[in-house]
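See below for structure-v5.txt, which holds compact mmCIF, C-alpha atoms.
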# COMPACT_ATOMS: atom_id res chain seq x y z
CA MET L 1 81.04 23.63 160.61
CA ARG L 2 83.31 25.51 158.20
CA ILE L 3 85.25 28.15 160.18
CA THR L 4 87.60 30.78 158.76
CA ILE L 5 90.23 32.28 161.07
CA LEU L 6 91.56 35.69 160.01
CA THR L 7 95.01 36.56 161.36
CA LEU L 8 97.14 39.62 160.83
CA GLY L 9 100.73 40.66 161.42
CA SER L 10 103.95 38.97 162.35
CA ARG L 11 104.64 35.35 163.14
CA GLY L 12 103.92 36.09 166.79
CA ASP L 13 100.49 37.47 165.85
CA THR L 14 99.70 34.41 163.75
CA GLN L 15 101.09 31.67 165.98
CA PRO L 16 98.34 31.51 168.66
CA PHE L 17 95.71 30.89 166.00
CA ILE L 18 97.41 27.67 164.83
CA PRO L 19 96.70 25.72 168.05
CA LEU L 20 93.19 27.19 168.09
CA ALA L 21 92.65 25.94 164.54
CA LEU L 22 94.03 22.52 165.47
CA GLY L 23 91.73 22.36 168.49
CA LEU L 24 88.68 23.27 166.41
CA LYS L 25 89.71 20.71 163.82
CA ARG L 26 89.93 18.01 166.50
CA ALA L 27 86.44 19.04 167.61
CA GLY L 28 85.12 18.16 164.15
CA HIS L 29 85.15 21.54 162.41
CA THR L 30 86.60 22.28 158.98
CA VAL L 31 89.05 25.12 159.52
CA ARG L 32 90.84 27.55 157.21
CA VAL L 33 93.53 29.91 158.49
CA VAL L 34 94.16 33.16 156.61
CA GLY L 35 97.42 35.08 156.98
CA ALA L 36 100.58 36.42 155.33
CA LYS L 37 102.12 34.31 152.57
CA ASN L 38 105.43 34.24 154.49
CA PHE L 39 103.92 31.63 156.80
CA THR L 40 102.39 29.27 154.23
CA THR L 41 104.84 26.39 154.60
CA TRP L 42 104.97 26.76 158.38
CA VAL L 43 101.19 26.64 158.90
CA GLN L 44 100.59 23.92 156.31
CA GLY L 45 103.21 21.85 158.14
CA PHE L 46 100.61 21.35 160.87
CA GLY L 47 98.14 19.88 158.37
CA LEU L 48 95.96 22.98 158.21
CA ASP L 49 94.23 24.58 155.24
CA TYR L 50 95.96 27.93 154.73
CA PHE L 51 94.89 30.84 152.56
CA PRO L 52 97.98 33.03 151.96
CA LEU L 53 97.56 36.78 151.60
CA GLU L 54 99.99 38.24 149.08
CA ALA L 55 101.26 40.89 151.50
CA ASP L 56 104.94 40.21 152.23
CA LEU L 57 105.36 41.35 155.81
CA ALA L 58 109.11 40.91 155.93
CA ALA L 59 109.49 43.10 152.83
CA MET L 60 107.04 45.67 154.17
CA LEU L 61 108.93 45.99 157.46
CA ASN L 62 112.13 46.66 155.56
CA THR L 63 110.67 49.60 153.63
CA SER L 64 111.10 53.17 154.82
CA GLY L 65 107.47 53.12 155.95
CA GLY L 66 107.94 49.92 157.91
CA GLN L 67 111.00 51.33 159.61
CA ALA L 68 109.07 54.51 160.44
CA VAL L 69 106.55 52.36 162.29
CA MET L 70 109.35 50.67 164.22
CA GLU L 71 110.89 54.03 165.12
CA ALA L 72 107.68 55.55 166.53
CA LYS L 73 108.16 57.05 169.99
CA ASN L 74 105.20 55.28 171.63
CA PRO L 75 102.52 52.66 170.83
CA LEU L 76 99.85 55.23 169.91
CA GLN L 77 102.18 57.00 167.52
CA SER L 78 103.07 53.63 166.01
CA LEU L 79 99.42 53.03 165.07
CA LEU L 80 99.09 56.53 163.64
CA VAL L 81 102.21 56.03 161.53
CA GLN L 82 100.83 52.71 160.31
CA ARG L 83 97.67 54.49 159.14
CA ARG L 84 99.74 57.08 157.29
CA GLU L 85 101.85 54.43 155.59
CA LEU L 86 98.85 52.27 154.66
CA SER L 87 97.28 55.25 152.91
CA LYS L 88 100.30 55.45 150.59
CA THR L 89 99.93 51.96 149.13
CA ASN L 90 97.25 49.63 147.82
CA VAL L 91 98.49 46.70 149.92
CA PHE L 92 95.59 46.88 152.35
CA ASP L 93 93.07 47.26 149.52
CA GLN L 94 94.41 44.10 147.92
CA MET L 95 94.43 42.32 151.26
CA GLN L 96 90.75 43.07 151.86
CA GLN L 97 89.80 41.62 148.48
CA GLU L 98 91.77 38.48 149.34
CA VAL L 99 90.17 38.23 152.79
CA TRP L 100 86.73 38.56 151.19
CA GLN L 101 87.62 35.73 148.82
CA SER L 102 88.96 33.56 151.64
CA CYS L 103 85.65 33.80 153.52
CA GLN L 104 83.38 32.67 150.70
CA GLY L 105 81.43 29.58 151.75
CA THR L 106 82.38 29.85 155.40
CA GLU L 107 79.83 29.29 158.16
CA ALA L 108 81.62 31.24 160.92
CA ILE L 109 84.50 33.72 161.22
CA ILE L 110 87.04 34.20 164.01
CA TYR L 111 89.23 37.24 163.60
CA HIS L 112 92.18 39.10 165.11
CA PRO L 113 91.18 42.66 166.19
CA GLY L 114 93.37 44.04 163.41
CA MET L 115 91.23 42.11 160.90
CA ILE L 116 88.07 44.00 161.81
CA ASN L 117 86.68 43.65 158.29
CA GLY L 118 85.96 40.07 159.33
CA TYR L 119 83.15 41.47 161.47
CA TYR L 120 81.58 43.30 158.52
CA ILE L 121 82.00 40.31 156.22
CA ALA L 122 80.30 38.05 158.75
CA ARG L 123 77.43 40.49 159.20
CA HIS L 124 76.99 40.77 155.43
CA MET L 125 77.07 36.99 154.98
CA GLY L 126 74.77 36.38 157.94
CA VAL L 127 77.18 34.04 159.73
CA PRO L 128 78.32 34.16 163.39
CA CYS L 129 81.66 35.68 164.28
CA LEU L 130 83.95 36.07 167.27
CA MET L 131 86.89 38.34 167.93
CA ALA L 132 90.00 36.65 169.34
CA SER L 133 92.72 38.86 170.74
CA PRO L 134 96.15 38.29 172.35
CA PHE L 135 95.73 41.46 174.44
CA PRO L 136 92.79 43.03 176.33
CA MET L 137 90.52 45.48 174.55
CA THR L 138 87.41 45.42 176.75
CA PRO L 139 87.01 48.65 178.73
CA THR L 140 87.48 48.43 182.49
CA ARG L 141 87.81 50.80 185.43
CA ARG L 142 90.58 48.66 186.89
CA TRP L 143 93.53 49.68 184.71
CA PRO L 144 94.32 51.53 181.47
CA SER L 145 94.30 49.95 178.03
CA ALA L 146 97.36 48.31 176.52
CA LEU L 147 98.45 51.55 174.82
CA PHE L 148 98.46 53.39 178.14
CA TYR L 149 99.20 50.63 180.64
CA GLU L 150 102.79 51.66 181.28
CA GLY L 151 101.69 55.25 182.00
CA PRO L 152 100.24 56.90 185.11
CA ARG L 153 97.27 55.64 187.12
CA LEU L 154 94.69 58.46 187.10
CA GLY L 155 91.54 56.70 188.23
CA ALA L 156 88.59 54.72 186.90
CA ALA L 157 87.24 57.33 184.45
CA TYR L 158 90.65 57.82 182.88
CA ASN L 159 91.16 54.07 182.60
CA ARG L 160 87.91 53.59 180.68
CA LEU L 161 88.67 56.57 178.45
CA THR L 162 91.97 54.99 177.36
CA TYR L 163 90.04 52.05 175.89
CA THR L 164 88.02 54.41 173.72
CA VAL L 165 91.28 55.92 172.48
CA PHE L 166 92.73 52.43 171.89
CA GLU L 167 89.69 51.29 169.92
CA GLN L 168 89.63 54.45 167.83
CA ALA L 169 93.36 54.19 167.11
CA PHE L 170 92.91 50.62 165.85
CA TRP L 171 89.76 51.47 163.91
CA GLN L 172 90.98 54.72 162.34
CA MET L 173 94.09 52.91 161.12
CA VAL L 174 91.96 50.84 158.71
CA ARG L 175 88.66 52.73 158.48
CA PRO L 176 89.35 54.60 155.19
CA GLN L 177 90.33 51.41 153.35
CA THR L 178 87.49 49.43 154.94
CA LYS L 179 84.97 52.06 153.89
CA LYS L 180 86.44 52.13 150.39
CA PHE L 181 86.14 48.34 150.13
CA TRP L 182 82.44 48.31 150.96
CA VAL L 183 81.70 51.29 148.71
CA GLN L 184 83.27 49.32 145.84
CA LYS L 185 80.99 46.43 146.76
CA GLY L 186 78.02 48.79 146.58
CA MET L 187 77.43 48.43 150.32
CA GLY L 188 79.06 51.53 151.80
CA ASP L 189 76.41 51.69 154.52
CA LYS L 190 78.03 48.62 156.09
CA VAL L 191 80.57 50.85 157.84
CA SER L 192 78.40 53.92 158.32
CA PHE L 193 78.02 53.34 162.05
CA GLY L 194 80.66 53.98 164.73
CA ALA L 195 83.62 51.99 165.93
CA PRO L 196 82.94 48.28 165.35
CA TYR L 197 84.47 47.20 168.66
CA ARG L 198 81.73 49.07 170.54
CA ARG L 199 79.16 47.62 168.16
CA GLN L 200 80.35 44.10 169.00
CA ARG L 201 79.74 44.72 172.71
CA GLU L 202 76.27 46.09 172.01
CA GLU L 203 75.49 42.88 170.13
CA GLN L 204 76.91 40.82 173.04
CA MET L 205 79.22 39.05 170.65
CA PRO L 206 81.69 36.72 172.43
CA VAL L 207 85.32 37.76 172.61
CA LEU L 208 88.19 35.39 173.35
CA TYR L 209 91.39 36.59 175.02
CA ALA L 210 94.32 34.27 174.43
CA TYR L 211 96.28 34.86 177.61
CA SER L 212 96.20 33.62 181.20
CA GLU L 213 94.38 35.24 184.10
CA ARG L 214 97.57 34.57 186.06
CA ALA L 215 99.32 37.00 183.72
CA LEU L 216 96.54 39.61 183.79
CA PRO L 217 93.47 38.94 185.99
CA ARG L 218 89.95 39.33 184.69
CA PRO L 219 88.40 42.67 185.80
CA ASP L 220 85.13 42.34 187.70
CA ASP L 221 83.36 44.88 185.45
CA TRP L 222 83.73 42.91 182.20
CA PRO L 223 80.63 41.47 180.52
CA ALA L 224 80.10 37.72 180.93
CA PHE L 225 80.52 37.06 177.20
CA HIS L 226 84.15 38.27 177.19
CA HIS L 227 86.40 35.35 178.12
CA ILE L 228 90.02 34.97 179.19
CA THR L 229 90.77 31.42 178.11
CA GLY L 230 94.43 30.95 178.93
CA TYR L 231 97.29 30.98 176.43
CA TRP L 232 97.03 29.11 173.13
CA PHE L 233 100.40 27.44 173.08
CA LEU L 234 101.89 25.90 169.95
CA ASP L 235 104.19 22.96 170.47
CA ALA L 236 106.79 21.92 167.92
CA ALA L 237 105.58 20.31 164.71
CA PRO L 238 105.63 16.51 164.97
CA ASP L 239 108.54 16.15 162.54
CA TRP L 240 110.65 19.02 163.92
CA GLN L 241 114.18 18.23 165.06
CA PRO L 242 116.74 20.68 166.47
CA PRO L 243 119.90 21.23 164.43
CA ALA L 244 122.77 19.08 165.64
CA ALA L 245 124.93 22.18 166.21
CA LEU L 246 122.26 23.71 168.48
CA THR L 247 121.97 20.52 170.53
CA ALA L 248 125.74 20.37 170.88
CA PHE L 249 125.90 23.99 172.04
CA LEU L 250 123.22 23.46 174.69
CA GLN L 251 125.00 20.39 175.99
CA ALA L 252 128.42 22.08 176.08
CA GLY L 253 127.78 24.31 179.10
CA PRO L 254 125.28 25.82 181.55
CA PRO L 255 121.89 27.10 180.30
CA PRO L 256 122.37 30.20 178.14
CA VAL L 257 120.38 33.43 178.05
CA TYR L 258 118.05 33.63 175.06
CA VAL L 259 117.92 36.95 173.18
CA GLY L 260 115.52 37.46 170.27
CA PHE L 261 113.24 40.24 169.05
CA GLY L 262 111.29 38.46 166.30
CA SER L 263 110.27 40.78 163.48
CA MET L 264 110.81 43.89 165.59
CA GLY L 265 113.73 46.19 164.93
CA ASN L 266 115.38 48.56 162.50
CA THR L 267 117.67 46.88 159.97
CA ALA L 268 120.00 49.88 160.10
CA ARG L 269 120.50 49.34 163.82
CA THR L 270 120.90 45.57 163.94
CA PRO L 271 124.74 45.53 163.94
CA GLU L 272 124.85 48.04 166.81
CA LEU L 273 122.11 46.22 168.70
CA THR L 274 123.87 42.89 168.28
CA GLU L 275 127.10 44.38 169.63
CA GLN L 276 125.27 45.72 172.68
CA VAL L 277 123.74 42.32 173.33
CA LEU L 278 127.11 40.57 173.05
CA LYS L 279 128.70 43.08 175.41
CA GLY L 280 125.86 42.67 177.89
CA LEU L 281 126.31 38.90 177.90
CA ALA L 282 130.08 39.27 178.32
CA LEU L 283 129.64 41.63 181.28
CA THR L 284 127.61 38.97 183.10
CA GLY L 285 129.73 36.00 182.03
CA GLN L 286 126.65 34.32 180.57
CA ARG L 287 126.45 32.13 177.52
CA GLY L 288 123.98 33.40 174.95
CA LEU L 289 121.63 32.02 172.34
CA LEU L 290 120.60 34.65 169.80
CA ALA L 291 117.60 34.32 167.49
CA SER L 292 118.13 36.46 164.41
CA GLY L 293 114.45 36.87 163.44
CA TRP L 294 113.56 39.12 160.50
CA ASN L 295 115.15 42.35 161.67
CA GLY L 296 116.16 41.97 165.29
CA LEU L 297 119.80 40.79 165.32
CA SER L 298 122.57 40.75 162.74
CA ARG L 299 123.71 37.44 161.28
CA ASN L 300 126.98 39.00 160.10
CA THR L 301 128.48 39.92 163.47
CA PRO L 302 131.35 37.62 164.57
CA LEU L 303 130.34 35.59 167.63
CA PRO L 304 132.44 34.21 170.50
CA ASP L 305 132.33 30.49 171.26
CA THR L 306 129.98 31.23 174.16
CA VAL L 307 127.21 32.52 171.84
CA TYR L 308 125.15 30.63 169.27
CA MET L 309 123.01 32.23 166.56
CA LEU L 310 119.93 30.42 165.27
CA GLU L 311 117.23 31.34 162.78
CA GLU L 312 114.37 30.02 164.85
CA ALA L 313 113.28 27.17 167.10
CA PRO L 314 109.97 26.37 168.83
CA HIS L 315 109.76 28.34 172.07
CA SER L 316 108.01 25.41 173.76
CA TRP L 317 111.15 23.33 173.26
CA LEU L 318 113.77 26.05 173.62
CA PHE L 319 112.73 28.32 176.49
CA PRO L 320 112.68 25.69 179.29
CA GLN L 321 116.37 25.09 178.56
CA MET L 322 117.32 28.76 179.06
CA ALA L 323 118.57 30.59 182.17
CA ALA L 324 116.44 33.60 181.17
CA VAL L 325 114.74 34.91 178.04
CA VAL L 326 115.20 38.40 176.58
CA HIS L 327 112.59 39.36 173.99
CA HIS L 328 110.39 42.12 172.57
CA GLY L 329 107.32 41.34 174.66
CA GLY L 330 104.84 40.09 172.10
CA ALA L 331 101.89 38.42 173.82
CA GLY L 332 102.72 34.94 172.52
CA THR L 333 106.42 35.13 173.32
CA THR L 334 105.62 36.52 176.77
CA GLY L 335 103.30 33.59 177.38
CA ALA L 336 105.93 31.11 176.23
CA GLY L 337 108.44 32.62 178.64
CA LEU L 338 105.96 32.40 181.53
CA ARG L 339 105.07 28.82 180.66
CA ALA L 340 108.74 27.83 180.61
CA GLY L 341 109.13 29.00 184.19
CA VAL L 342 112.26 31.06 183.59
CA PRO L 343 112.70 34.81 184.23
CA SER L 344 111.88 37.18 181.36
CA ILE L 345 113.58 40.44 180.37
CA LEU L 346 111.40 42.45 178.04
CA VAL L 347 112.63 45.02 175.53
CA PRO L 348 109.27 46.34 174.24
CA HIS L 349 108.89 48.09 170.88
CA SER L 350 105.23 48.92 170.23
CA VAL L 351 101.47 48.41 170.79
CA ASP L 352 100.86 45.93 173.66
CA GLN L 353 104.51 45.06 174.32
CA PRO L 354 105.13 47.81 176.94
CA MET L 355 102.10 46.54 178.85
CA TRP L 356 103.45 43.01 179.02
CA GLY L 357 106.83 44.41 180.04
CA ARG L 358 105.29 46.15 183.03
CA ARG L 359 103.20 43.09 183.89
CA ILE L 360 106.29 40.87 183.99
CA ALA L 361 107.86 43.25 186.49
CA GLU L 362 104.64 43.52 188.53
CA LEU L 363 104.46 39.74 188.74
CA GLY L 364 108.04 39.61 189.99
CA VAL L 365 109.15 37.17 187.29
CA GLY L 366 111.44 39.63 185.52
CA PRO L 367 113.10 43.01 186.06
CA GLN L 368 111.73 46.34 184.84
CA PRO L 369 111.44 46.41 181.02
CA ILE L 370 114.03 48.23 178.91
CA PRO L 371 112.44 50.19 176.02
CA ASP L 372 114.16 49.19 172.80
CA LYS L 373 115.62 52.62 172.11
CA ARG L 374 117.19 52.72 175.58
CA LEU L 375 118.85 49.32 175.48
CA THR L 376 122.56 49.38 176.28
CA ALA L 377 125.04 46.71 177.25
CA ASP L 378 125.13 47.97 180.84
CA LYS L 379 121.33 48.02 181.18
CA LEU L 380 121.04 44.56 179.69
CA ALA L 381 123.75 43.24 182.01
CA ALA L 382 122.00 44.72 185.06
CA ALA L 383 118.70 43.16 183.97
CA ILE L 384 120.30 39.74 183.45
CA ARG L 385 121.88 39.85 186.91
CA ALA L 386 118.51 40.76 188.44
CA ALA L 387 116.71 38.02 186.52
CA LEU L 388 119.11 35.33 187.72
CA GLN L 389 118.63 36.12 191.43
CA PRO L 390 117.23 33.09 193.31
CA GLU L 391 114.01 34.86 194.39
CA MET L 392 113.08 35.88 190.85
CA ARG L 393 113.94 32.45 189.47
CA ALA L 394 111.73 30.83 192.13
CA LYS L 395 108.77 33.11 191.33
CA ALA L 396 109.14 32.41 187.60
CA ALA L 397 109.29 28.67 188.20
CA HIS L 398 106.17 28.75 190.41
CA LEU L 399 104.16 30.79 187.91
CA GLY L 400 105.28 28.47 185.12
CA GLN L 401 103.92 25.48 187.03
CA GLN L 402 100.55 27.18 187.38
CA ILE L 403 100.30 28.19 183.73
CA ARG L 404 101.25 24.72 182.54
CA LEU L 405 98.13 23.40 184.29
CA GLU L 406 95.87 25.53 182.07
CA ASP L 407 94.46 24.44 178.71
CA GLY L 408 93.53 27.66 176.95
CA VAL L 409 92.82 25.97 173.63
CA ALA L 410 90.34 23.52 175.14
CA LYS L 411 88.51 26.35 176.91
CA ALA L 412 88.42 28.44 173.72
CA VAL L 413 87.07 25.55 171.66
CA GLU L 414 84.37 24.91 174.27
CA ILE L 415 83.28 28.56 174.12
CA VAL L 416 83.27 28.61 170.30
CA ASP L 417 81.25 25.36 170.14
CA HIS L 418 78.71 26.67 172.65
CA TYR L 419 78.32 29.94 170.75
CA LEU L 420 78.00 28.36 167.31
CA HIS L 421 75.44 25.82 168.40
Have the structure of the file written as structure tokens, please.
Amino acid sequence: MRITILTLGSRGDTQPFIPLALGLKRAGHTVRVVGAKNFTTWVQGFGLDYFPLEADLAAMLNTSGGQAVMEAKNPLQSLLVQRRELSKTNVFDQMQQEVWQSCQGTEAIIYHPGMINGYYIARHMGVPCLMASPFPMTPTRRWPSALFYEGPRLGAAYNRLTYTVFEQAFWQMVRPQTKKFWVQKGMGDKVSFGAPYRRQREEQMPVLYAYSERALPRPDDWPAFHHITGYWFLDAAPDWQPPAALTAFLQAGPPPVYVGFGSMGNTARTPELTEQVLKGLALTGQRGLLASGWNGLSRNTPLPDTVYMLEEAPHSWLFPQMAAVVHHGGAGTTGAGLRAGVPSILVPHSVDQPMWGRRIAELGVGPQPIPDKRLTADKLAAAIRAALQPEMRAKAAHLGQQIRLEDGVAKAVEIVDHYLH
């Protein structure tokens, strides 16, 4: 069967869908992955068909609008700012035309919750579709939604209400452009009904959640057709080799502390942030391995011999060699840290990242998260010291062993096959 997978966002948002695509391909399906053009070479390196969207995410994040999103005070405000910024450009309009084109001839669609137009396209084409998400969106009485998870616990009714707010925030961010797209197609009634996430549940459409129940257990009030599969881990490409300088650095001393924030961050603040990180490492006497990412850390700051700066390396290879990992808390990076069995220190920026930060602390495999705007050298040093305590290291190692026994991709492929047939 010809399956189109619609992804959206940063490399961390795209990465889990690569192993899913590979698993579906091994199961005999013909798979196309759709995502930002920045990732074309990377995804094609795994032998996958890739349809690149012209949106340049790195360039967009470096605009004043992109930085405004990064500087939002909380996850909900971040989504509202994204809606405001999207309304100022035609980027999303162009993206929807490209997504429509990418889906022509497909027999099934799997989409990230931010690519909700995939649902409408599938319904128009009469093909099955599934939503696949790296964070929970199904309402439950047990705890608040990702946008509100780090906040107070006010009871079952409040918890369920936060999911309505979360869904509306996601939907309202793209609703005007989605409506405009279908009006241009002469099918404006396609989006005349309410929030599509609720509509999906009413249709009993399967939803896949690409994280482990050991990271966030399945609530007992979820419908049976919503599945937590386990993480979809991506191992290094078959031909990938670490740079010789990186290998030499790792072999020259004890395991370092990894620090990297991916595409998160404000370019104006990267020199200051990098200095704080270096001071935090110095205060603890730890070696450091910094990943520059798109915006997170400055490549121009002089480094001591005890710190190495790299562009990127597969987390599956890198994280098990670290003493601890400091990162922004994206779902995929959080999963990679848990799988590696080393303590995690989260510095969340937006959307679901504060939730994963709190979960890491609740699981006892990392200290309390440090919101990005509150990060200082002293706070980072205190968190590193806490992470390296024997009890926390033992808990992280035990959880890593459990997660490594799971095969989230195999479970996801089984669910997709069952649904499609």
Legend entry - Sel. within 7 Å of pt (119.5, 30.2, 175.0), counting only C-alpha atoms, output as a ChimeraX atom specification: /L:255-258,288-290,321-322
Legend entry - Nearest to Gln168 in chain L, chosen from L:Leu310, L:Leu147, L:Leu22, L:Val183, with all atoms listed in the file counted in the distances: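 Checking each candidate against Gln168 in chain L, we get L:Leu147 as the closest.
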Inset, instruction - Rounded to one decimal place, report the CA of Ala36 in chain L-CA of Arg269 in chain L distance in Å. - result: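 Taking CA of Ala36 in chain L as the start and CA of Arg269 in chain L as the end point, the length is 25.2 Å.
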Legend entry - Which of L:Phe233, L:Leu388, L:Ile370, L:Pro206 sits closest to Tyr419 in chain L [using all atoms listed in the file]: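 Distance minimum relative to Tyr419 in chain L lands on L:Pro206.
Between CA of Val259 in chain L and CA of Val326 in chain L the separation is 4.6 Å.
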Inset, instruction - Write out as a PyMOL selection string each polymer residue whose atoms come within 12 Å of Asp220 in chain L, counting only C-alpha atoms; drop sequence neighbours fewer than 3 positions from it. - result: chain L and resi 138-143+217+223-224+226-227
Any chance you could model N, CA and C atoms for range 29-45 of chain L and send them as a JSON list (two decimals), in the coordinates of the input?
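In the end it all went to selection29.json:
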[["chain", "number", "residue", "atom", "x", "y", "z"],
["L", 29, "HIS", "N", 85.40, 20.44, 163.34],
["L", 29, "HIS", "CA", 85.15, 21.54, 162.41],
["L", 29, "HIS", "C", 86.12, 21.48, 161.23],
["L", 30, "THR", "N", 85.71, 22.08, 160.13],
["L", 30, "THR", "CA", 86.60, 22.28, 158.98],
["L", 30, "THR", "C", 87.14, 23.70, 159.09],
["L", 31, "VAL", "N", 88.45, 23.84, 159.16],
["L", 31, "VAL", "CA", 89.05, 25.12, 159.52],
["L", 31, "VAL", "C", 90.00, 25.60, 158.43],
["L", 32, "ARG", "N", 89.89, 26.88, 158.11],
["L", 32, "ARG", "CA", 90.84, 27.55, 157.21],
["L", 32, "ARG", "C", 91.48, 28.71, 157.97],
["L", 33, "VAL", "N", 92.81, 28.79, 157.89],
["L", 33, "VAL", "CA", 93.53, 29.91, 158.49],
["L", 33, "VAL", "C", 93.97, 30.85, 157.38],
["L", 34, "VAL", "N", 93.79, 32.14, 157.59],
["L", 34, "VAL", "CA", 94.16, 33.16, 156.61],
["L", 34, "VAL", "C", 95.24, 34.04, 157.22],
["L", 35, "GLY", "N", 96.33, 34.26, 156.47],
["L", 35, "GLY", "CA", 97.42, 35.08, 156.98],
["L", 35, "GLY", "C", 98.44, 35.38, 155.90],
["L", 36, "ALA", "N", 99.55, 35.99, 156.29],
["L", 36, "ALA", "CA", 100.58, 36.42, 155.33],
["L", 36, "ALA", "C", 101.21, 35.21, 154.63],
["L", 37, "LYS", "N", 101.58, 35.42, 153.36],
["L", 37, "LYS", "CA", 102.12, 34.31, 152.57],
["L", 37, "LYS", "C", 103.46, 33.82, 153.13],
["L", 38, "ASN", "N", 104.16, 34.66, 153.91],
["L", 38, "ASN", "CA", 105.43, 34.24, 154.49],
["L", 38, "ASN", "C", 105.29, 32.98, 155.33],
["L", 39, "PHE", "N", 104.09, 32.72, 155.84],
["L", 39, "PHE", "CA", 103.92, 31.63, 156.80],
["L", 39, "PHE", "C", 103.25, 30.41, 156.20],
["L", 40, "THR", "N", 103.14, 30.35, 154.88],
["L", 40, "THR", "CA", 102.39, 29.27, 154.23],
["L", 40, "THR", "C", 102.95, 27.90, 154.58],
["L", 41, "THR", "N", 104.24, 27.70, 154.35],
["L", 41, "THR", "CA", 104.84, 26.39, 154.60],
["L", 41, "THR", "C", 104.76, 26.01, 156.07],
["L", 42, "TRP", "N", 105.00, 26.99, 156.92],
["L", 42, "TRP", "CA", 104.97, 26.76, 158.38],
["L", 42, "TRP", "C", 103.60, 26.29, 158.82],
["L", 43, "VAL", "N", 102.53, 27.00, 158.44],
["L", 43, "VAL", "CA", 101.19, 26.64, 158.90],
["L", 43, "VAL", "C", 100.73, 25.34, 158.26],
["L", 44, "GLN", "N", 101.00, 25.16, 156.98],
["L", 44, "GLN", "CA", 100.59, 23.92, 156.31],
["L", 44, "GLN", "C", 101.31, 22.72, 156.90],
["L", 45, "GLY", "N", 102.48, 22.94, 157.51],
["L", 45, "GLY", "CA", 103.21, 21.85, 158.14],
["L", 45, "GLY", "C", 102.44, 21.21, 159.29]]
